[in-house]
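Right, one structure below, let's go through it.
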Amino acid sequence: MGVEIKVIVFKLGQEEYGIEVDKVQTIERMMPITRVPKTLAFVKGVINLRGVVIPVIDLRGRFGIAEADHTDQTRIIIVSANEMEVGFIVDSANDVIDLNTDIIDSPPDVVGGIKAKYLQGVARISEERLLVMLNLSEVLNRNEIIQLESLEG
Amino acid sequence: MDMNQYLSMFIDESNDHLQSLNENMLGLEQHPDDISIVQVIFRSAHTLKGMAATMGFEDLASLTHQMENVLDLVRNDKLKMQEIIFDTLFQSLDALQSMVQDITQGGEGKADVSSIVSALQGIVNGDMTTAASSTPANVTSSSSHEGTAVQLDEYQYSVLEQSIAEGHKVMFIEVAIRQDCQLKAARAYLVFDLLERYGEVVKSHPSVQEIEQEKFDRSFSLYYITQKDSSEMKSMILNLSEIDSAEVVALDQETLSQLSFGHKEASATSAPSIEPTTQPIVAEPASKLAVTEENKNGARATGGTAAAPSRTIRVDIERLDVLMNLLSELLIDRSRLEQLADEVRRPDLTETVEHMSRVGSDLQNIVLKLRMVPVDTVFNRFPRMVRDLAKSLDKKIDLVVIGAETELDRTVIDEIGDPLVHLLRNAVDHGVEPTAKRIAAGKPETGIIELRAFHSGNHVFIEIEDDGSGIDRDIILAKALKNGIVTESEGAAMTDEQVYMLLFAAGFSTAEVISDISGRGVGLDVVKTKINSLSGVVSVTSKLGKGTKFSVQLPLTLSIISAMLIKVGSEKYAIPLSSIIETGLIKRNQIRNVHGYTMIPYRDTHIPLLSLADLFQVKDFDEDSEEETEIIVIHKGDRLAALTVEDFIGQSEIVIKHLGKYLPSIQGIAGATILGDGQVALIIDSNAFIK
């Protein structure tokens with residue numbers, strides 16, 4: 001039997017992604033980001049979230065999608081996992097839905113490679129709507145970054 | 001009566017007083033002849049006694065009372081401070097401390113203090129007899145009080161006499177409280193309070209203590225020195241409510257001697273102080289009580305100023321965090337408002353916003369400072385500890401504390417105490433040699449342990465340095481071999497520093513004889529773990545025969561530092577002032593290329609020039625187009641380098657924050673701070689730029 005979970009839905013390009021609501025601290029509008037030199041390209045810098053300095057990464061860059069300009073819709077989703085707090089820059093975030101874990105399928109094998117690691121599974125919400133569930137601890141895995149770098153390099 | 005609401009205040013103040021007692025006792029030990037220190041101690045003890053009695057902690061009160069007795073004798077030059085007295089008093093302080101501790105933890109503050117009390121009484125009786133046999137004698141000796149004179153002793157008499165001679169007004173005041181008054185003691189207190197505001201009560205009957213305990217019928221009388229007129233005093237006393245009558249009689253030399261019991265002797269010798277035959281302490285309880293009163297007077301006056309800085313309330317540190325975060329939000333909104341005001345361009349709006357900005361900045365500063373505590377709060381118990389340890393080991397040791405005002409974050413302060421205790425115990429036990437050995441080695445008899453705290457770079461250093469025998473590499477190695485911590489070949493290859501670090505290995509103890517002070521082989525091991533858990537580092541340097549230095553390096557996490565804010569392109573950075581030597585301006589044509597490095601002349605030498613824009617890949621700033629360039633000369637130890645920046649913004653107190661766990665440590669960045677406008681600025685770790 002699956003469990004009912006609440007999921008925050010956000011978009012990168014046309015694709016919809018989901019993060020379990022209890023991993024998400026807040027969703028913020030775009031705010032000034034202080035660049036941190038000498039880090040990976042997708043690490044955009046740090047923000048001041050109510051007195052706490054939090055690193056922000058561009059999720060597009062993290063997944064190897066071309067980065068887009070920020071718009072009114074751009075949001076920073078602050079997630080916390082593995083005792084880390086990180087902000088994700090996403091194209092938009094405007095939905096919370098209820099899901100039954102039963103409808104989450106394991107990630108499609110065809111994707112393969114490192115990219116599939118970030119996925120916990122794919123949820124079919126309706127005929128034409130697929131939701132990619134993120135595997136946060138993998139997204140935030142820093143060893144992975146190094147590995148990714150070496151592969152890309 | 002429910003005392004709970006006063007309990008926390010009582011605990012706080014008791015702790016303050018105990019601390020000051022401890023400190024002053026140590027001071028007194030250094031200068032046993034300094035009566036002014038005794039006065040301070042006496043006042044603290046007296047206040048403590050009063051508070052304890054009010055709160056109903058009888059044991060606490062009675063013990064302080066006995067201490068007071070001893071101190072009183074010392075204060076009046078009737079007793080010389082001696083070793084035994086110090087020890088007993090220190091013991092009493094310990095007992096008091098544990099009682100207060102007990103109260104803090106919700107106990108009754110009860111303890112068996114009889115042995116210490118009798119020891120104190122022994123001191124009192126052993127020397128000047130009569131003095132401490134306390135009040136009851138006094139009650140019987142002068143039970144009549146209606147209009148009859150209060151007995152004055154020699155000392156009080158001379159005080160009064162001198163006051164008259166100096167033109168002060170001396171009065172004999174008799175106050176009767178209304179029969180139906182409910183709180184006689186409180187009324188009496190008001191009278192005393194009033195009187196003490198305008199002068200000095202020399203002697204009262206019944207004694208102040210008895211009056212405080214309501215051990216009087218409804219009237220009391222006293223001798224009083226003031227500048228006011230007697231009629232004025234009378235009307236002031238009568239203005240207090242529930243006072244039935246007040247008789248104020250101004251005294252001159254003659255009436256004084258008539259009233260006073262000692263008038264026969266006194267009139268014979270106008271200078272009663274030189275009177276070898278008359279027993280100077282006849283009706284001594286009187287003298288004691290009077291002086292107590294006088295002192296109370298003084299305590300109130302000085303107490304006002306002395307107690308004020310230590311007024312504290314306790315606040316949950318989490319609330320401070322919440323406060324700080326709320327404030328940051330406010331600051332962000334403030335900067336929004338500033339922008340809006342800029343756009344709207346209405347003078348009154350701009351003015352209001354500016355004012356709000358200023359208030360906001362002040363508020364921020366205060367909130368940030370709230371979390372910082374001087375290390376003194378940890379250090380202050382050490383002098384006493386070292387003294388006791390040294391004594392129990394029969395060594396002579398001076399603890400020198402330097403930089404106690406260095407501020408550290410509260411959370412670190414709470415944790416650092418135990419490790420430091422271990423290190424200090426270690427220095428006392430193993431560091432400083434026994435006196436005989438010191439003399440043989442041609443060193444001064446008294447060993448010195450220096451406890452230093454200071455900011456440096458992005459760290460706070462706490463150093464404990466002794467001038468003892470130092471660490472013998474061979475002994476350590478032998479011991480480590482024996483305990484199986486290293487093998488022989490490993491040991492031979494180790495540097496001295498590595499050998500010293502073996503001290504921190506688990507299960508290591510070098511003390512030949514295991515003492516209860518240190519030497520169970522767990523101490524230093526625990527110290528290292530603890531300091532590491534605070535992300536600190538502990539290191540040892542030592543010179544055989546000269547001494548040993550333990551250095552604890554703590555990160556400045558959350559602590560506030562002074563920093564220089566600078567601008568490069570559109571980015572702002574903060575450089576800790578501690579690593580800056582100076583700022584300056586150089587012309588581009590002064591820059592030389594030497595073997596691939598850029599150098600600039602500085603004083604009599606050349607130092608490397610680094611471009612911050614290059615180091616941090618700042619895109620929107622091109623310094624090559626400038627004719628002159630701002631530089632900041634930074635240092636790491638003796639080595640210097642210059643950083644080019646675009647502009648100086650100014651100096652500011654900043655809070656160091658982590659960049660977050662996600663980001664790996666970045667070379668040249670020590671952390672981040674949040675500026676007044678809510679923006680994050682990175683803090684530059686200039687040490688990283690100098691090899």
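Each chain of the structure tokens is named A, B, ... in the order shown, its residues numbered from 1; ligands are numbered from 1 in display order.
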Fill in: Residue list for chain A near chain B as a ChimeraX atom specification, 10 Å, only C-alpha atoms
/A:31-40,43,45-57,82-86,140-142
Practice prompt. Extract, using only C-alpha atoms, all DNA, RNA and protein residues at most 6 Å from region 92-104 of chain A, discarding same-chain residues fewer than 2 positions from it, and format them as a PyMOL selection string.
Written response: chain A and resi 2-11+73-75+90+121-123
Using C-alpha atoms, can you export the residues from the last selection as a PDB file, in the first residue's frame?
ATOM      1  CA  GLY A   2       1.266   3.357  -0.883  1.00  0.00           C
ATOM      2  CA  VAL A   3       1.254   6.385   1.349  1.00  0.00           C
ATOM      3  CA  GLU A   4      -0.294   9.724   0.560  1.00  0.00           C
ATOM      4  CA  ILE A   5       2.381  12.391   0.338  1.00  0.00           C
ATOM      5  CA  LYS A   6       2.309  16.065  -0.455  1.00  0.00           C
ATOM      6  CA  VAL A   7       4.635  17.190  -3.171  1.00  0.00           C
ATOM      7  CA  ILE A   8       5.812  20.633  -4.255  1.00  0.00           C
ATOM      8  CA  VAL A   9       5.735  20.865  -8.006  1.00  0.00           C
ATOM      9  CA  PHE A  10       8.194  23.062  -9.846  1.00  0.00           C
ATOM     10  CA  LYS A  11       9.224  23.481 -13.445  1.00  0.00           C
ATOM     11  CA  GLN A  73       8.228  33.311 -12.103  1.00  0.00           C
ATOM     12  CA  THR A  74      11.706  32.259 -11.020  1.00  0.00           C
ATOM     13  CA  ARG A  75      11.744  30.893  -7.507  1.00  0.00           C
ATOM     14  CA  VAL A  90      13.843  26.829 -10.584  1.00  0.00           C
ATOM     15  CA  GLY A 121      11.016   7.927  -9.822  1.00  0.00           C
ATOM     16  CA  VAL A 122       8.426   9.259 -12.175  1.00  0.00           C
ATOM     17  CA  ALA A 123       4.864   9.845 -11.132  1.00  0.00           C
TER      18      ALA A 123
END
Discussion item. Could you tell me how far CA of Leu119 (chain A) sits from CA of Phe88 (chain A), in Å to one decimal place?
Written reply: 15.5 Å
Test item, helix (DSSP H, G or I) assignment across chain A, answer as a short mmCIF file (atom, residue, chain, number, x, y, z; two decimals) with N, CA and C atoms, in the first residue's frame:
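Written output follows (selection.cif):
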data_model
loop_
_atom_site.label_atom_id
_atom_site.label_comp_id
_atom_site.auth_asym_id
_atom_site.auth_seq_id
_atom_site.Cartn_x
_atom_site.Cartn_y
_atom_site.Cartn_z
N VAL A 21 7.10 17.62 0.37
CA VAL A 21 6.90 18.90 1.01
C VAL A 21 7.69 19.03 2.32
N ASP A 22 7.92 17.92 2.99
CA ASP A 22 8.61 18.04 4.28
C ASP A 22 10.11 18.27 4.12
N LYS A 23 10.62 18.17 2.88
CA LYS A 23 12.02 18.49 2.65
C LYS A 23 12.20 19.97 2.32
N LEU A 59 19.33 24.74 -10.57
CA LEU A 59 19.02 23.34 -10.79
C LEU A 59 19.17 22.97 -12.27
N ARG A 60 18.94 23.97 -13.13
CA ARG A 60 19.17 23.70 -14.55
C ARG A 60 20.62 23.31 -14.77
N GLY A 61 21.50 24.14 -14.21
CA GLY A 61 22.92 23.88 -14.38
C GLY A 61 23.30 22.54 -13.75
N ARG A 62 22.68 22.26 -12.63
CA ARG A 62 22.99 21.02 -11.92
C ARG A 62 22.65 19.81 -12.78
N THR A 101 2.20 7.18 -3.16
CA THR A 101 3.52 6.69 -3.56
C THR A 101 3.40 5.52 -4.54
N ASP A 102 2.22 4.92 -4.58
CA ASP A 102 2.03 3.80 -5.50
C ASP A 102 2.23 4.20 -6.96
N ILE A 103 1.86 5.42 -7.26
CA ILE A 103 1.92 5.79 -8.68
C ILE A 103 3.31 6.26 -9.09
N LYS A 115 22.54 10.94 -14.57
CA LYS A 115 21.33 11.72 -14.47
C LYS A 115 20.21 10.97 -13.76
N ALA A 116 20.13 9.69 -14.02
CA ALA A 116 19.06 8.89 -13.43
C ALA A 116 19.18 8.84 -11.92
N LYS A 117 20.39 9.02 -11.44
CA LYS A 117 20.61 8.96 -9.99
C LYS A 117 19.81 10.03 -9.26
N TYR A 118 19.61 11.15 -9.91
CA TYR A 118 18.92 12.25 -9.24
C TYR A 118 17.44 11.98 -9.10
N LEU A 136 16.69 13.86 -3.45
CA LEU A 136 17.42 15.03 -2.93
C LEU A 136 18.83 14.71 -2.47
N SER A 137 18.97 13.61 -1.76
CA SER A 137 20.31 13.36 -1.21
C SER A 137 21.32 13.15 -2.33
N GLU A 138 20.83 12.66 -3.49
CA GLU A 138 21.76 12.53 -4.61
C GLU A 138 22.04 13.89 -5.25
N VAL A 139 20.98 14.70 -5.33
CA VAL A 139 21.17 16.03 -5.92
C VAL A 139 22.18 16.82 -5.10
N ARG A 142 27.87 15.78 -2.74
CA ARG A 142 28.99 16.56 -3.24
C ARG A 142 30.04 15.69 -3.93
N ASN A 143 30.10 14.44 -3.52
CA ASN A 143 31.03 13.54 -4.22
C ASN A 143 30.61 13.43 -5.67
N GLU A 144 29.30 13.43 -5.81
CA GLU A 144 28.72 13.35 -7.15
C GLU A 144 29.21 14.51 -8.02
N ILE A 145 29.28 15.66 -7.38
CA ILE A 145 29.73 16.84 -8.13
C ILE A 145 31.10 16.57 -8.72
N ILE A 146 31.94 16.04 -7.86
CA ILE A 146 33.31 15.81 -8.30
C ILE A 146 33.33 14.79 -9.44
N GLN A 147 32.51 13.77 -9.26
CA GLN A 147 32.44 12.74 -10.28
C GLN A 147 31.93 13.32 -11.59
N LEU A 148 30.88 14.12 -11.43
CA LEU A 148 30.26 14.73 -12.60
C LEU A 148 31.28 15.56 -13.35
N GLU A 149 32.02 16.32 -12.56
CA GLU A 149 33.04 17.16 -13.16
C GLU A 149 34.02 16.34 -13.97
N SER A 150 34.49 15.27 -13.36
CA SER A 150 35.52 14.50 -14.02
C SER A 150 34.95 13.86 -15.31
N LEU A 151 33.69 13.51 -15.27
CA LEU A 151 33.08 12.93 -16.46
C LEU A 151 32.94 13.98 -17.56
N GLU A 152 32.47 15.14 -17.10
CA GLU A 152 32.29 16.20 -18.09
C GLU A 152 33.62 16.66 -18.66
#
Worksheet item: Suppose you want the space between CA of Asp72 (chain A) and CA of Asp333 (chain B); what is it in Å?
Response: 19.1 Å
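Going from CA of Glu450 (chain B) to CA of Ser98 (chain B) covers 28.1 Å.
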Fill in: Polymer residues at most 6 Å from region 203-210 of chain B, only C-alpha atoms, same-chain spacing of 6 or more positions, as a list of chain:residue names
B:Phe220, B:Ser221, B:Leu222, B:Tyr223, B:Ala290
Take the selection from the previous step and output its residues with C-alpha atoms, as a PDB file, in the first residue's frame.
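And here's selection-v6.pdb as it stands now:
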ATOM      1  CA  PHE B 220      14.397  52.965  68.780  1.00  0.00           C
ATOM      2  CA  SER B 221      17.067  55.559  69.239  1.00  0.00           C
ATOM      3  CA  LEU B 222      20.251  56.386  67.480  1.00  0.00           C
ATOM      4  CA  TYR B 223      23.191  58.733  67.128  1.00  0.00           C
ATOM      5  CA  ALA B 290      27.640  50.238  64.549  1.00  0.00           C
TER       6      ALA B 290
END
Worksheet item: Pick the closest to Tyr573 (chain B) from B:Gln162, B:Ser686, B:Ser489, B:Thr541: which is it, counting only C-alpha atoms?
Response: B:Ser686
